[in-house]
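*Asks:* Have a peek at final-v1.cif (mmCIF, C-alpha atoms).
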```cif
data_query
loop_
_atom_site.label_atom_id
_atom_site.label_comp_id
_atom_site.auth_asym_id
_atom_site.auth_seq_id
_atom_site.Cartn_x
_atom_site.Cartn_y
_atom_site.Cartn_z
CA MET A 810 29.71 -0.46 -4.35
CA THR A 811 27.17 2.37 -4.56
CA SER A 812 26.42 4.49 -1.50
CA ILE A 813 22.71 5.28 -1.32
CA LEU A 814 20.92 7.66 1.03
CA LEU A 815 17.29 6.55 1.34
CA ALA A 816 14.81 8.80 3.13
CA ASN A 817 11.19 8.46 4.25
CA PRO A 818 9.26 10.97 6.42
CA HIS A 819 8.38 8.45 9.15
CA VAL A 820 7.80 4.74 9.66
CA LEU A 821 5.01 4.46 12.21
CA LEU A 822 3.85 1.01 11.09
CA TYR A 823 5.05 -1.81 8.87
CA GLY A 824 2.68 -1.49 5.94
CA GLY A 825 3.04 -1.86 2.19
CA ALA A 826 5.18 1.23 1.54
CA GLU A 827 7.40 0.43 4.51
CA ARG A 828 7.91 -3.17 3.38
CA GLN A 829 8.86 -1.78 -0.01
CA ILE A 830 11.75 0.10 1.61
CA VAL A 831 12.84 -2.98 3.56
CA GLU A 832 12.73 -5.31 0.56
CA LEU A 833 14.55 -2.80 -1.66
CA SER A 834 17.20 -2.11 0.99
CA ASN A 835 17.75 -5.81 1.61
CA TYR A 836 18.09 -6.50 -2.11
CA LEU A 837 20.55 -3.66 -2.64
CA THR A 838 22.73 -4.53 0.36
CA GLN A 839 22.77 -8.16 -0.78
CA LYS A 840 24.19 -6.83 -4.06
CA ASN A 841 26.94 -5.08 -2.06
CA HIS A 842 25.51 -1.58 -2.23
CA LYS A 843 25.71 0.55 0.90
CA VAL A 844 22.27 1.75 2.02
CA THR A 845 21.65 4.28 4.77
CA ILE A 846 18.03 5.02 5.74
CA MET A 847 17.05 8.30 7.37
CA THR A 848 13.63 8.95 8.90
CA THR A 849 12.18 10.79 11.87
CA VAL A 850 11.06 7.61 13.65
CA ALA A 851 10.89 3.89 12.81
CA CYS A 852 8.80 1.15 14.41
CA GLU A 853 10.52 -1.94 15.76
CA GLU A 854 8.97 -4.30 13.18
CA PHE A 855 10.51 -2.23 10.39
CA LYS A 856 13.95 -2.22 11.97
CA LYS A 857 13.79 -5.92 12.77
CA ASN A 858 13.23 -6.82 9.11
CA LEU A 859 16.17 -4.81 7.80
CA LYS A 860 19.29 -6.91 7.25
CA GLU A 861 22.40 -4.85 6.43
CA ALA A 862 21.11 -1.34 5.84
CA ARG A 863 21.91 1.26 8.46
CA ILE A 864 19.10 3.37 9.89
CA TYR A 865 19.19 6.76 11.56
CA GLU A 866 16.16 8.19 13.36
CA THR A 867 16.42 11.97 13.56
CA GLY A 868 13.51 12.47 15.93
CA GLY A 869 11.43 15.63 15.82
CA ASN A 870 9.56 16.68 12.70
CA GLU A 871 10.24 16.78 8.97
CA ARG A 872 12.41 19.87 9.31
CA ASN A 873 14.75 17.90 11.59
CA LEU A 874 14.90 15.19 8.95
CA MET A 875 15.65 17.68 6.17
CA GLU A 876 18.46 19.29 8.15
CA SER A 877 19.98 15.88 8.93
CA ILE A 878 19.80 14.79 5.30
CA ASN A 879 21.63 17.87 4.10
CA LYS A 880 24.41 17.49 6.65
CA VAL A 881 25.41 14.11 5.20
CA ALA A 882 24.12 14.15 1.62
CA HIS A 883 27.50 14.98 0.10
CA LYS A 884 28.85 11.63 1.34
CA PHE A 885 26.50 9.65 -0.91
CA GLN A 886 26.38 8.93 -4.63
CA ILE A 887 22.61 9.03 -4.91
CA TYR A 888 19.59 10.20 -2.95
CA ASN A 889 16.59 7.83 -3.04
CA CYS A 890 13.57 9.58 -1.50
CA HIS A 891 10.36 7.72 -0.68
CA ASN A 892 7.08 9.55 -0.21
CA HIS A 893 6.29 13.25 -0.04
CA PRO A 894 7.85 15.59 1.06
CA CYS A 895 11.24 13.84 0.95
CA GLU A 896 11.58 14.72 -2.74
CA LEU A 897 11.76 18.37 -1.63
CA MET A 898 14.31 17.93 1.15
CA MET A 899 17.61 17.98 -0.74
CA TYR A 900 19.13 21.44 -1.13
CA TYR A 901 19.78 21.90 -4.82
CA ASN A 902 23.36 23.10 -4.34
CA GLN A 903 24.30 19.62 -3.12
CA LYS A 904 23.78 18.35 -6.70
CA VAL A 905 23.28 14.78 -5.51
CA PRO A 906 21.41 12.75 -8.18
CA THR A 907 17.89 12.01 -6.97
CA VAL A 908 15.50 9.11 -7.61
CA TRP A 909 12.05 9.68 -6.12
CA GLN A 910 9.80 6.74 -5.25
CA CYS A 911 6.42 8.44 -5.64
CA ASN A 912 3.97 5.94 -4.19
CA GLU A 913 1.23 8.55 -4.21
CA PRO A 914 0.92 12.31 -4.80
CA PRO A 915 1.12 14.77 -1.89
CA GLY A 916 -1.87 14.65 0.43
CA TYR A 917 -3.14 18.05 -0.66
CA VAL A 918 -3.34 16.76 -4.25
CA LEU A 919 -5.36 13.74 -3.16
CA GLU A 920 -7.74 16.21 -1.51
CA GLY A 921 -8.35 17.83 -4.90
CA ASN A 922 -5.81 20.66 -5.04
CA PRO A 923 -3.31 21.13 -7.89
CA VAL A 924 0.42 20.60 -7.46
CA ASN A 925 2.15 23.71 -6.20
CA PRO A 926 3.89 25.21 -9.28
CA ASN A 927 7.11 25.75 -7.32
CA GLU A 928 7.13 22.12 -6.19
CA ARG A 929 6.43 20.94 -9.72
CA ALA A 930 9.35 22.95 -11.10
CA TYR A 931 11.64 21.79 -8.30
CA VAL A 932 10.83 18.12 -8.91
CA GLU A 933 11.36 18.45 -12.66
CA ARG A 934 14.71 20.18 -12.09
CA THR A 935 16.13 17.95 -9.35
CA CYS A 936 14.75 14.44 -9.86
CA SER A 937 16.85 12.44 -12.30
CA LYS A 938 14.21 9.69 -12.27
CA VAL A 939 10.86 9.10 -10.64
CA MET A 940 9.55 5.61 -9.88
CA VAL A 941 5.84 4.76 -9.56
CA ILE A 942 4.16 1.44 -8.88
CA THR A 943 1.48 1.17 -11.61
CA ASP A 944 0.52 2.47 -15.06
CA PHE A 945 -2.34 4.35 -13.39
CA ASP A 946 0.22 6.22 -11.29
CA LYS A 947 2.35 6.88 -14.37
CA ALA A 948 -0.51 8.64 -16.14
CA ARG A 949 -1.45 10.54 -12.99
CA PHE A 950 2.15 11.61 -12.36
CA ARG A 951 2.54 12.85 -15.94
CA SER A 952 -0.61 14.95 -15.61
CA LEU A 953 0.63 16.45 -12.33
CA TYR A 954 4.32 17.01 -13.02
CA GLY A 955 4.65 17.08 -16.80
CA PHE A 956 7.13 14.25 -17.42
CA ASP A 957 7.11 10.47 -17.44
CA PRO A 958 8.17 8.33 -14.48
CA VAL A 959 9.30 4.68 -14.60
CA VAL A 960 6.79 1.97 -13.61
CA ASN A 961 8.14 -0.70 -11.27
CA TYR A 962 5.66 -3.13 -9.68
CA PRO A 963 6.41 -3.86 -6.01
CA GLY A 964 6.57 -7.51 -5.04
CA ILE A 965 4.01 -9.64 -3.26
CA ARG A 966 5.07 -12.63 -1.14
CA TYR A 967 2.98 -15.14 -3.03
CA ASP A 968 4.37 -18.28 -1.40
CA TYR A 969 3.71 -16.98 2.10
CA PHE A 970 0.11 -15.90 1.59
CA ALA A 971 -0.76 -18.82 -0.70
CA GLU A 972 0.58 -21.38 1.77
CA ASP A 973 -2.05 -23.91 2.83
CA VAL A 974 -1.98 -23.42 6.60
CA LYS A 975 -4.47 -24.31 9.29
CA VAL A 976 -6.82 -21.42 9.97
CA ARG A 977 -7.09 -20.21 13.54
CA ASN A 978 -10.69 -19.15 14.19
CA THR A 979 -9.61 -15.95 15.92
CA LEU A 980 -12.72 -13.96 15.00
CA ASN A 981 -15.27 -16.65 15.82
CA MET A 982 -16.31 -16.42 12.17
CA LYS A 983 -16.84 -20.07 11.38
CA ASP A 984 -19.96 -20.67 9.24
CA ASN A 985 -20.35 -16.95 8.53
CA PHE A 986 -19.97 -15.08 5.24
CA VAL A 987 -17.10 -12.75 6.09
CA ILE A 988 -16.34 -9.55 4.18
CA THR A 989 -12.95 -8.05 5.05
CA GLN A 990 -11.24 -4.75 4.37
CA ALA A 991 -7.70 -4.02 5.54
CA GLY A 992 -5.84 -0.71 5.46
CA TYR A 993 -5.06 2.50 7.30
CA PHE A 994 -8.26 4.15 8.56
CA THR A 995 -8.47 7.21 6.32
CA TRP A 996 -11.01 8.81 4.01
CA THR A 997 -9.25 7.56 0.87
CA LYS A 998 -9.73 3.93 1.97
CA GLN A 999 -13.50 4.58 2.33
CA GLN A 1000 -14.24 2.33 5.30
CA ASP A 1001 -17.45 4.33 5.76
CA LYS A 1002 -18.58 3.29 2.28
CA THR A 1003 -17.78 -0.33 3.10
CA VAL A 1004 -20.06 -0.10 6.15
CA GLU A 1005 -22.88 1.29 3.97
CA ILE A 1006 -22.41 -1.49 1.42
CA PHE A 1007 -22.37 -4.11 4.16
CA ALA A 1008 -25.60 -2.76 5.67
CA GLU A 1009 -27.40 -3.46 2.38
CA VAL A 1010 -25.74 -6.87 1.92
CA LYS A 1011 -26.76 -7.87 5.43
CA LYS A 1012 -30.41 -7.59 4.41
CA GLU A 1013 -29.87 -10.41 1.90
CA ILE A 1014 -27.17 -12.49 3.59
CA LYS A 1015 -28.22 -13.06 7.19
CA ASN A 1016 -24.92 -14.64 8.29
CA ALA A 1017 -22.80 -11.85 6.78
CA LYS A 1018 -20.14 -10.29 8.99
CA LEU A 1019 -17.75 -7.41 8.30
CA VAL A 1020 -14.14 -7.19 9.49
CA LEU A 1021 -12.31 -3.87 9.29
CA VAL A 1022 -8.59 -4.02 10.03
CA GLY A 1023 -6.36 -0.98 9.98
CA TYR A 1024 -4.01 1.37 11.76
CA ASN A 1025 -5.85 3.93 13.95
CA ALA A 1026 -9.08 1.91 13.76
CA TRP A 1027 -10.05 2.95 17.30
CA ALA A 1028 -8.52 6.45 17.29
CA LYS A 1029 -11.87 8.20 17.57
CA GLN A 1030 -10.17 11.55 18.22
CA TYR A 1031 -9.76 11.71 14.45
CA PRO A 1032 -12.97 12.91 12.73
CA TYR A 1033 -12.92 10.29 9.97
CA VAL A 1034 -12.44 7.38 12.37
CA ALA A 1035 -15.23 8.73 14.57
CA LYS A 1036 -17.42 9.00 11.45
CA VAL A 1037 -16.92 5.30 10.63
CA HIS A 1038 -17.82 4.19 14.17
CA LYS A 1039 -20.84 6.49 14.24
CA LYS A 1040 -22.09 5.00 10.97
CA ILE A 1041 -21.78 1.48 12.38
CA GLU A 1042 -23.89 2.53 15.37
CA GLU A 1043 -26.47 4.46 13.33
CA LEU A 1044 -27.04 1.42 11.10
CA GLY A 1045 -27.36 -0.90 14.10
CA LEU A 1046 -24.41 -3.07 13.04
CA GLU A 1047 -22.45 -3.23 16.30
CA ASP A 1048 -22.93 -7.00 16.57
CA ASP A 1049 -21.94 -7.67 12.96
CA VAL A 1050 -18.93 -5.41 12.37
CA PHE A 1051 -15.60 -6.30 13.98
CA VAL A 1052 -13.10 -3.43 14.07
CA ASN A 1053 -9.47 -4.35 14.61
CA ASP A 1054 -6.52 -2.01 14.89
CA TYR A 1055 -3.30 -2.61 12.95
CA LEU A 1056 -2.24 -6.25 13.16
CA SER A 1057 1.44 -6.68 13.87
CA GLY A 1058 2.96 -9.75 12.27
CA ASP A 1059 2.31 -11.30 8.87
CA GLU A 1060 0.91 -14.48 10.34
CA ASN A 1061 -1.98 -12.61 11.96
CA LEU A 1062 -2.87 -10.83 8.74
CA ARG A 1063 -2.64 -14.03 6.70
CA ASN A 1064 -4.96 -15.71 9.18
CA ILE A 1065 -7.51 -12.90 8.71
CA TYR A 1066 -7.41 -13.40 4.95
CA LYS A 1067 -7.88 -17.15 5.36
CA GLN A 1068 -11.05 -16.54 7.42
CA SER A 1069 -12.55 -14.23 4.79
CA SER A 1070 -15.17 -14.99 2.14
CA ILE A 1071 -14.57 -11.72 0.25
CA PHE A 1072 -11.86 -9.07 0.38
CA LEU A 1073 -13.31 -5.65 -0.40
CA ASN A 1074 -11.23 -2.63 -1.39
CA PRO A 1075 -13.40 0.35 -2.38
CA CYS A 1076 -10.49 2.80 -2.03
CA LEU A 1077 -10.04 5.99 -3.95
CA SER A 1078 -6.91 6.46 -6.06
CA GLN A 1079 -4.47 6.01 -3.18
CA GLY A 1080 -2.44 3.13 -1.86
CA ALA A 1081 -3.88 -0.24 -0.81
CA TYR A 1082 -1.72 -2.03 -3.40
CA ALA A 1083 -0.35 -4.86 -1.25
CA THR A 1084 -3.40 -6.03 0.69
CA SER A 1085 -5.57 -6.74 -2.36
CA PHE A 1086 -2.89 -8.90 -3.98
CA GLU A 1087 -2.09 -10.63 -0.67
CA ALA A 1088 -5.76 -11.55 -0.27
CA ILE A 1089 -5.87 -12.97 -3.80
CA CYS A 1090 -2.73 -15.01 -3.06
CA ALA A 1091 -4.56 -16.37 -0.02
CA GLY A 1092 -7.37 -17.50 -2.32
CA VAL A 1093 -9.89 -14.85 -1.30
CA PRO A 1094 -12.25 -13.54 -4.01
CA THR A 1095 -11.49 -9.82 -4.18
CA ILE A 1096 -13.39 -6.72 -5.30
CA VAL A 1097 -11.50 -3.48 -5.90
CA SER A 1098 -12.71 -0.09 -7.08
CA ASN A 1099 -11.97 1.17 -10.56
CA ASP A 1100 -10.04 3.93 -8.78
CA PHE A 1101 -7.69 1.35 -7.23
CA VAL A 1102 -4.23 2.12 -8.64
CA ALA A 1103 -3.75 -1.46 -9.87
CA SER A 1104 -7.31 -2.17 -11.02
CA SER A 1105 -6.11 -2.86 -14.57
CA LEU A 1106 -3.81 -5.63 -13.30
CA ILE A 1107 -6.78 -7.16 -11.48
CA SER A 1108 -9.09 -7.07 -14.50
CA ASP A 1109 -6.59 -7.83 -17.28
CA ASN A 1110 -5.30 -10.93 -15.51
CA LYS A 1111 -8.70 -12.12 -14.20
CA LEU A 1112 -7.50 -11.94 -10.60
CA GLY A 1113 -10.71 -10.53 -9.17
CA PHE A 1114 -13.54 -8.06 -9.72
CA VAL A 1115 -13.42 -4.34 -10.49
CA SER A 1116 -16.39 -2.17 -9.52
CA SER A 1117 -17.40 1.39 -10.17
CA GLN A 1118 -17.86 3.51 -7.07
CA THR A 1119 -21.63 3.01 -7.08
CA THR A 1120 -22.89 1.16 -4.02
CA GLY A 1121 -25.27 -0.85 -6.16
CA GLU A 1122 -22.51 -2.35 -8.30
CA TYR A 1123 -20.51 -3.38 -5.24
CA ILE A 1124 -23.60 -5.09 -3.84
CA ASN A 1125 -24.27 -6.90 -7.13
CA LYS A 1126 -20.73 -8.25 -7.25
CA ILE A 1127 -20.86 -9.36 -3.62
CA MET A 1128 -24.13 -11.15 -4.25
CA TYR A 1129 -22.70 -12.83 -7.37
CA ILE A 1130 -19.76 -14.14 -5.34
CA TYR A 1131 -22.10 -15.30 -2.58
CA GLU A 1132 -24.30 -17.19 -5.02
CA ASN A 1133 -21.32 -18.72 -6.87
CA GLN A 1134 -18.84 -19.27 -4.07
CA ASN A 1135 -17.26 -22.49 -5.31
CA LYS A 1136 -16.79 -21.25 -8.88
CA VAL A 1137 -15.36 -17.88 -7.86
CA LYS A 1138 -13.03 -19.51 -5.34
CA ASP A 1139 -11.77 -21.93 -7.99
CA ASP A 1140 -11.21 -19.06 -10.44
CA THR A 1141 -9.25 -17.12 -7.83
CA LEU A 1142 -7.01 -20.10 -7.10
CA ALA A 1143 -6.52 -20.82 -10.80
CA ASN A 1144 -5.53 -17.27 -11.76
CA ARG A 1145 -3.49 -16.14 -8.75
CA GLY A 1146 -0.32 -17.70 -10.21
CA TRP A 1147 0.10 -14.57 -12.32
CA ILE A 1148 1.13 -12.77 -9.12
CA LYS A 1149 3.77 -15.40 -8.37
CA GLU A 1150 5.34 -14.94 -11.79
CA ASN A 1151 5.11 -11.19 -12.19
CA LEU A 1152 4.99 -9.39 -8.84
CA THR A 1153 8.26 -10.40 -7.21
CA TRP A 1154 10.67 -8.45 -5.02
CA LYS A 1155 13.56 -9.78 -7.11
CA LYS A 1156 12.18 -8.13 -10.26
CA PHE A 1157 11.46 -4.96 -8.32
CA GLY A 1158 15.02 -4.84 -6.97
CA GLU A 1159 16.65 -5.64 -10.30
CA LYS A 1160 14.84 -2.83 -12.09
CA TYR A 1161 15.58 -0.42 -9.25
CA GLU A 1162 19.28 -1.29 -9.27
CA LYS A 1163 19.45 -0.71 -13.04
CA ILE A 1164 17.80 2.72 -12.72
CA LEU A 1165 20.11 3.77 -9.88
CA GLU A 1166 23.17 2.78 -11.89
CA GLU A 1167 21.90 4.61 -14.98
CA VAL A 1168 21.37 7.79 -12.97
CA ILE A 1169 24.82 7.63 -11.34
CA ASN A 1170 26.60 6.98 -14.64
CA LYS A 1171 24.66 9.59 -16.61
#
```
As structure tokens - that is how I would like this structure written.
*Replies:*
Amino acid sequence: MTSILLANPHVLLYGGAERQIVELSNYLTQKNHKVTIMTTVACEEFKKNLKEARIYETGGNERNLMESINKVAHKFQIYNCHNHPCELMMYYNQKVPTVWQCNEPPGYVLEGNPVNPNERAYVERTCSKVMVITDFDKARFRSLYGFDPVVNYPGIRYDYFAEDVKVRNTLNMKDNFVITQAGYFTWTKQQDKTVEIFAEVKKEIKNAKLVLVGYNAWAKQYPYVAKVHKKIEELGLEDDVFVNDYLSGDENLRNIYKQSSIFLNPCLSQGAYATSFEAICAGVPTIVSNDFVASSLISDNKLGFVSSQTTGEYINKIMYIYENQNKVKDDTLANRGWIKENLTWKKFGEKYEKILEEVINK
């Protein structure tokens, strides 16, 4: 039995990265490993989905979390940190082997700044292994930190999202051409760009509607969220754009996918891994940006469409799908089986377990 201390800065919602922690913890505890999760705060949906792992909420800020981690770290065989800045929280004199799950670089890097040299040196010195979720992230990590991480694709619950269930018409979208984007409302997800794209599409497709679903969707105290709502108003789209805050419960999200004609993901090189693949599992023709971290998996396996960041190319691809709806739908259904075979939580857990054991026995 391996004792594992897993840390994440906070769990405010049950999104893709948070499900990754739950699925990994559940796999490892099922294999008789002892997993303890430490975070500042965890939402109820996250805690409800954990099976055997123990969870401690430290409260306060990241400094409280760091102090709590270092009080107990010596009791564990390995430290598994998820998301920045947890990779920096272990005092080096503890000498606890560290595996960092780097789902994305620090926020300041995404904003265009280089990695702090001290942080880079610390990570190289203290992290026995780093895990990333795609080959795109592997190349990016190497350029930022100077050494190679291990690629491990997170799972997608194919059977759940592919299930042929009756659609509840919750959005009153019947007989409309529905474009959907789902994800945290933040500048890297580019909801404002989606609104601009939709405004042009609406000129050609009169029954087009746009659904935006994401955490903080109505938190207009944040400048970016306010910017998205202002753009909707300026373009006169209030009657055609439906903004929904974070949807709790998988059934609600699956039902949104099932009501969609297109799933659009124009994100920059950050996150949004799970929703695009979930939509494809649900049979929804999907367009992602070439900056999407898993765009090569989409294109190489003919799962959907990859677009440059030009508005015109997005519009052309949307119009192609609109004009060839039956064919594109059939192609999506025919090719989505690749996800069932290759993106599984079992494979993710097996590879993770092997890496943890290698690090401990090194």
*Asks:* If you count all atoms listed in the file, which residues fall within 8 Å of Asn879 of chain A, apart from same-chain ones fewer than 2 positions away, as a PyMOL selection string?
*Replies:* chain A and resi 875-877+881-883+898-900+903
*Asks:* Got a sec to resolve the PyMOL selection byres ((chain A and resi 1101-1114) around 8) on this structure and send the residues as a list of chain:residue names?
*Replies:*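 Listing what the PyMOL selection byres ((chain A and resi 1101-1114) around 8) selects in the shown file: A:Thr943, A:Asp944, A:Phe945, A:Asp946, A:Asn1074, A:Pro1075, A:Cys1076, A:Leu1077, A:Ser1078, A:Gln1079, A:Gly1080, A:Ala1081, A:Tyr1082, A:Ile1089, A:Pro1094, A:Thr1095, A:Ile1096, A:Val1097, A:Ser1098, A:Asn1099, A:Asp1100, A:Val1115, A:Ser1116, A:Lys1126, A:Thr1141, A:Asn1144, A:Arg1145, A:Trp1147.
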*Asks:* Enumerate, as a PyMOL selection string, the residues matched when the PyMOL selection byres ((chain A and resi 967) around 8) is run on the file above.
*Replies:* chain A and resi 965-966+968-971+1087+1090+1148-1149
*Asks:* One decimal, Å: what's the distance from atom CA of Thr867 of chain A over to atom CA of Met847 of chain A, could you say?
*Replies:*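 So the two atoms, atom CA of Thr867 of chain A and atom CA of Met847 of chain A, lie 7.2 Å apart.
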*Asks:* Atom CA of Ser834 of chain A and atom CA of Val960 of chain A are how many Å apart?
*Replies:*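 Those two atoms sit 18.4 Å apart.
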*Asks:* Just give me the gap between atom CA of Asn1016 of chain A and atom CA of Val1034 of chain A in Å, one decimal is fine.
*Replies:*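 These two atoms are separated by 25.6 Å.
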